[in-house]
$ cat entry_32.cif   # mmCIF, C-alpha atoms
data_query
#
loop_
_atom_site.label_atom_id
_atom_site.label_comp_id
_atom_site.auth_asym_id
_atom_site.auth_seq_id
_atom_site.Cartn_x
_atom_site.Cartn_y
_atom_site.Cartn_z
CA MET A 1475 47.76 4.18 34.27
CA SER A 1476 50.49 6.49 33.01
CA LEU A 1477 53.21 5.10 30.78
CA ILE A 1478 55.78 7.62 32.06
CA GLY A 1479 58.71 5.80 33.62
CA THR A 1480 57.80 2.43 32.11
CA GLU A 1481 60.18 0.42 29.96
CA ILE A 1482 59.22 -0.60 26.45
CA LYS A 1483 57.99 -4.15 26.03
CA PRO A 1484 59.68 -6.63 23.69
CA PHE A 1485 58.73 -6.35 20.02
CA LYS A 1486 59.94 -7.27 16.54
CA VAL A 1487 58.53 -5.51 13.46
CA THR A 1488 59.43 -4.79 9.85
CA GLY A 1489 59.96 -1.29 8.57
CA TYR A 1490 60.85 0.63 5.46
CA ARG A 1491 63.91 2.89 5.30
CA ASN A 1492 65.76 4.37 2.36
CA GLY A 1493 64.65 1.81 -0.22
CA GLU A 1494 65.00 -1.24 2.02
CA PHE A 1495 62.88 -3.35 4.33
CA VAL A 1496 64.48 -3.60 7.77
CA GLU A 1497 63.74 -5.51 10.95
CA VAL A 1498 63.57 -3.49 14.18
CA THR A 1499 63.33 -4.86 17.71
CA ASP A 1500 63.16 -3.35 21.18
CA ALA A 1501 66.90 -4.11 21.52
CA ASP A 1502 67.60 -1.72 18.61
CA LEU A 1503 66.16 1.15 20.67
CA LYS A 1504 68.41 0.62 23.68
CA GLY A 1505 71.50 2.77 24.13
CA LYS A 1506 70.17 5.92 22.45
CA TRP A 1507 67.28 8.34 22.63
CA ASN A 1508 64.32 7.51 20.40
CA VAL A 1509 61.12 9.12 19.20
CA LEU A 1510 58.22 6.86 18.30
CA CYS A 1511 55.61 8.72 16.29
CA PHE A 1512 52.35 6.77 15.90
CA TYR A 1513 49.89 7.96 13.27
CA PRO A 1514 46.55 6.61 11.97
CA ALA A 1515 47.21 5.68 8.35
CA ASP A 1516 49.28 6.02 5.21
CA PHE A 1517 47.69 7.82 2.24
CA SER A 1518 45.73 10.10 4.56
CA PHE A 1519 45.53 13.84 5.20
CA VAL A 1520 47.11 15.18 8.40
CA CYS A 1521 49.63 12.32 8.66
CA PRO A 1522 51.86 13.31 5.72
CA THR A 1523 52.13 16.88 7.02
CA GLU A 1524 53.27 15.57 10.41
CA LEU A 1525 55.76 13.07 9.03
CA GLU A 1526 57.24 15.65 6.64
CA ASP A 1527 57.57 18.08 9.56
CA LEU A 1528 59.32 15.37 11.56
CA GLN A 1529 61.70 14.84 8.63
CA ASP A 1530 62.40 18.59 8.61
CA GLN A 1531 63.61 18.21 12.24
CA TYR A 1532 65.38 14.89 11.69
CA GLU A 1533 68.92 16.29 11.31
CA THR A 1534 68.46 18.34 14.50
CA LEU A 1535 67.17 15.27 16.32
CA LYS A 1536 70.07 13.14 15.08
CA SER A 1537 72.50 15.82 16.29
CA LEU A 1538 70.96 15.27 19.75
CA GLY A 1539 71.57 11.52 19.49
CA VAL A 1540 67.93 10.76 18.78
CA GLU A 1541 66.62 8.19 16.31
CA VAL A 1542 63.12 8.58 14.86
CA TYR A 1543 60.55 5.93 13.97
CA SER A 1544 57.12 6.60 12.52
CA ILE A 1545 54.57 3.85 13.12
CA SER A 1546 51.18 2.98 11.69
CA THR A 1547 49.22 -0.25 11.40
CA ASP A 1548 49.81 -0.27 7.64
CA THR A 1549 52.22 -2.85 6.19
CA HIS A 1550 55.83 -2.12 5.26
CA PHE A 1551 54.76 -2.64 1.64
CA THR A 1552 52.21 0.17 2.00
CA HIS A 1553 54.90 2.38 3.56
CA LYS A 1554 57.08 1.83 0.48
CA ALA A 1555 54.20 2.57 -1.90
CA TRP A 1556 53.38 5.78 0.01
CA HIS A 1557 57.05 6.77 0.04
CA ASP A 1558 57.20 6.27 -3.73
CA ALA A 1559 53.90 8.08 -4.42
CA SER A 1560 53.94 11.13 -2.13
CA PRO A 1561 56.34 14.06 -2.52
CA ALA A 1562 56.08 14.78 1.23
CA ILE A 1563 56.66 11.19 2.33
CA GLY A 1564 59.31 10.68 -0.34
CA LYS A 1565 61.58 13.02 1.66
CA ILE A 1566 61.58 10.73 4.70
CA THR A 1567 64.91 9.11 5.61
CA TYR A 1568 63.99 7.79 9.08
CA THR A 1569 62.45 4.34 9.52
CA MET A 1570 58.73 3.84 8.93
CA LEU A 1571 57.62 0.85 11.04
CA SER A 1572 54.73 -1.46 10.25
CA ASP A 1573 52.55 -2.42 13.18
CA ALA A 1574 50.17 -4.59 11.16
CA ALA A 1575 49.91 -7.05 14.08
CA HIS A 1576 49.07 -4.13 16.45
CA THR A 1577 51.77 -5.16 18.94
CA LEU A 1578 53.34 -1.71 19.31
CA SER A 1579 50.03 0.14 19.27
CA ARG A 1580 48.77 -2.05 22.10
CA ASN A 1581 52.06 -1.83 24.03
CA PHE A 1582 51.91 1.97 23.90
CA ASP A 1583 48.14 2.06 24.50
CA VAL A 1584 47.31 3.98 21.30
CA LEU A 1585 45.37 1.34 19.36
CA ILE A 1586 41.79 2.21 18.44
CA GLU A 1587 40.60 -1.41 18.53
CA SER A 1588 37.33 -0.81 16.67
CA GLN A 1589 39.17 0.73 13.71
CA GLY A 1590 42.47 -1.16 13.80
CA ILE A 1591 44.46 2.08 13.63
CA ALA A 1592 46.68 4.02 16.01
CA GLU A 1593 45.99 7.37 17.61
CA ARG A 1594 48.40 10.25 17.06
CA GLY A 1595 50.88 9.43 19.81
CA THR A 1596 54.42 10.68 20.28
CA PHE A 1597 56.75 8.92 22.71
CA VAL A 1598 60.28 9.89 23.77
CA LEU A 1599 62.38 7.01 25.08
CA ASP A 1600 65.64 7.43 26.96
CA PRO A 1601 68.68 5.19 26.26
CA ASP A 1602 67.35 2.64 28.79
CA GLY A 1603 64.13 2.27 26.78
CA VAL A 1604 62.11 4.12 29.43
CA ILE A 1605 59.32 6.49 28.39
CA GLN A 1606 60.18 10.04 29.49
CA VAL A 1607 57.65 12.04 27.44
CA TYR A 1608 54.46 11.22 25.63
CA GLU A 1609 51.43 12.97 24.26
CA ILE A 1610 48.34 11.86 22.41
CA HIS A 1611 46.44 14.07 19.97
CA ALA A 1612 42.92 13.78 18.60
CA ASP A 1613 42.81 12.59 15.00
CA GLY A 1614 42.24 16.04 13.49
CA ILE A 1615 45.07 17.78 15.37
CA GLY A 1616 48.53 17.63 13.81
CA ARG A 1617 51.74 17.80 15.81
CA ASP A 1618 54.63 20.28 15.61
CA ALA A 1619 58.05 18.59 15.66
CA SER A 1620 59.86 21.78 16.74
CA THR A 1621 58.22 21.55 20.17
CA LEU A 1622 59.40 17.96 20.37
CA VAL A 1623 63.02 19.09 20.05
CA ASN A 1624 62.66 21.32 23.12
CA LYS A 1625 61.08 18.51 25.16
CA ILE A 1626 63.93 16.15 24.25
CA LYS A 1627 66.55 18.73 25.21
CA ALA A 1628 64.85 19.14 28.60
CA ALA A 1629 64.62 15.36 29.12
CA GLN A 1630 68.29 14.96 28.23
CA TYR A 1631 69.28 17.81 30.55
CA VAL A 1632 67.39 16.33 33.49
CA ARG A 1633 68.93 12.90 32.87
CA ASN A 1634 72.43 14.38 32.76
CA HIS A 1635 71.93 16.69 35.76
CA PRO A 1636 70.37 14.72 38.63
CA GLY A 1637 68.72 16.97 41.18
CA GLU A 1638 67.84 19.67 38.64
CA VAL A 1639 64.53 20.23 36.86
CA CYS A 1640 63.50 22.35 33.90
CA PRO A 1641 60.77 24.95 34.47
CA ALA A 1642 58.00 25.76 31.98
CA LYS A 1643 59.17 27.15 28.64
CA TRP A 1644 62.77 26.15 29.46
CA LYS A 1645 65.22 26.45 26.57
CA GLU A 1646 68.70 25.02 26.36
CA GLY A 1647 71.18 27.20 28.25
CA GLU A 1648 68.55 28.81 30.48
CA LYS A 1649 68.39 28.56 34.24
CA THR A 1650 67.05 25.38 35.81
CA LEU A 1651 65.74 24.71 39.30
CA LYS A 1652 67.09 22.61 42.16
CA PRO A 1653 64.06 21.52 44.16
CA SER A 1654 64.59 22.12 47.86
CA LEU A 1655 62.80 23.21 50.99
CA ASP A 1656 64.12 26.73 50.39
CA LEU A 1657 62.18 27.03 47.10
CA VAL A 1658 58.79 26.00 48.50
CA GLY A 1659 56.38 28.89 48.01
CA LYS A 1660 59.00 31.17 46.42
CA ILE A 1661 58.41 30.44 42.77
#
$ encode --input "entry_32.cif" --output "structure tokens"
Amino acid sequence: MSLIGTEIKPFKVTGYRNGEFVEVTDADLKGKWNVLCFYPADFSFVCPTELEDLQDQYETLKSLGVEVYSISTDTHFTHKAWHDASPAIGKITYTMLSDAAHTLSRNFDVLIESQGIAERGTFVLDPDGVIQVYEIHADGIGRDASTLVNKIKAAQYVRNHPGEVCPAKWKEGEKTLKPSLDLVGKI
């Protein structure tokens, strides 16, 4: 079953952000756009490249009203140790959530039960906590946060312009479509 259009389930987890442990709940995600970026494990190989890339786009995402959370099944203590030990992860200013109890990974259907780790899953939630975009990557395939920015801009446009849709490769400011009987077979 697709998760598109479903609302996030209740949760309460601990995270690490800017030298502090913080509690985050589903209520904290309401009222703004959010990106949840699941990854397999701290102190690994592809993961730090992805999380650093996400940090490189963080200011752009914040300018769009988007908050970012990275999530693994490691503890918040491990997140702090990784943040302190890795130059790439040390740059991160968004919240790194611990899903040690596997609640979020199960809720978003990315938990690899046999290994106790999450798949590479990216989820975009609208201000109502409804999933608008998601994609799952195989473990060896890293994500590109710049493409995420374009997807969020399209999702925000569609939310703010009912009756319009964004065609493939749409960029902010480009022409959109208004689905109608007149367009059938003409695109």
$ residues_around --input "entry_32.cif" --residues "Gly1493 (chain A)" --least-positions-apart "4" --cutoff "12 Å" --atoms "only C-alpha atoms" --output "list of chain:residue names"
A:Gly1489, A:His1550, A:Phe1551, A:His1553, A:Lys1554, A:Ala1555, A:Trp1556, A:His1557, A:Asp1558, A:Gly1564, A:Lys1565, A:Ile1566, A:Thr1567, A:Tyr1568, A:Thr1569, A:Met1570
$ atom_distance --input "entry_32.cif" --atom1 "CA of Lys1627 (chain A)" --atom2 "CA of Leu1503 (chain A)"
18.2 Å
$ resolve_selection --input "entry_32.cif" --expression "the PyMOL selection byres ((chain A and resi 1578-1589) around 12)" --output "PyMOL selection string"
chain A and resi 1475-1478+1480-1488+1498-1500+1510-1515+1543-1548+1571-1577+1590-1599+1604-1605+1608-1613
$ atom_distance --input "entry_32.cif" --atom1 "CA of Lys1652 (chain A)" --atom2 "CA of Val1632 (chain A)"
10.7 Å
$ resolve_selection --input "entry_32.cif" --expression "the PyMOL selection byres ((chain A and resi 1522) around 10)" --output "list of chain:residue names"
A:Tyr1513, A:Ala1515, A:Asp1516, A:Phe1517, A:Ser1518, A:Phe1519, A:Val1520, A:Cys1521, A:Thr1523, A:Glu1524, A:Leu1525, A:Glu1526, A:Asp1527, A:Leu1528, A:Trp1556, A:Ser1560, A:Pro1561, A:Ala1562, A:Ile1563, A:Gly1564, A:Gly1616
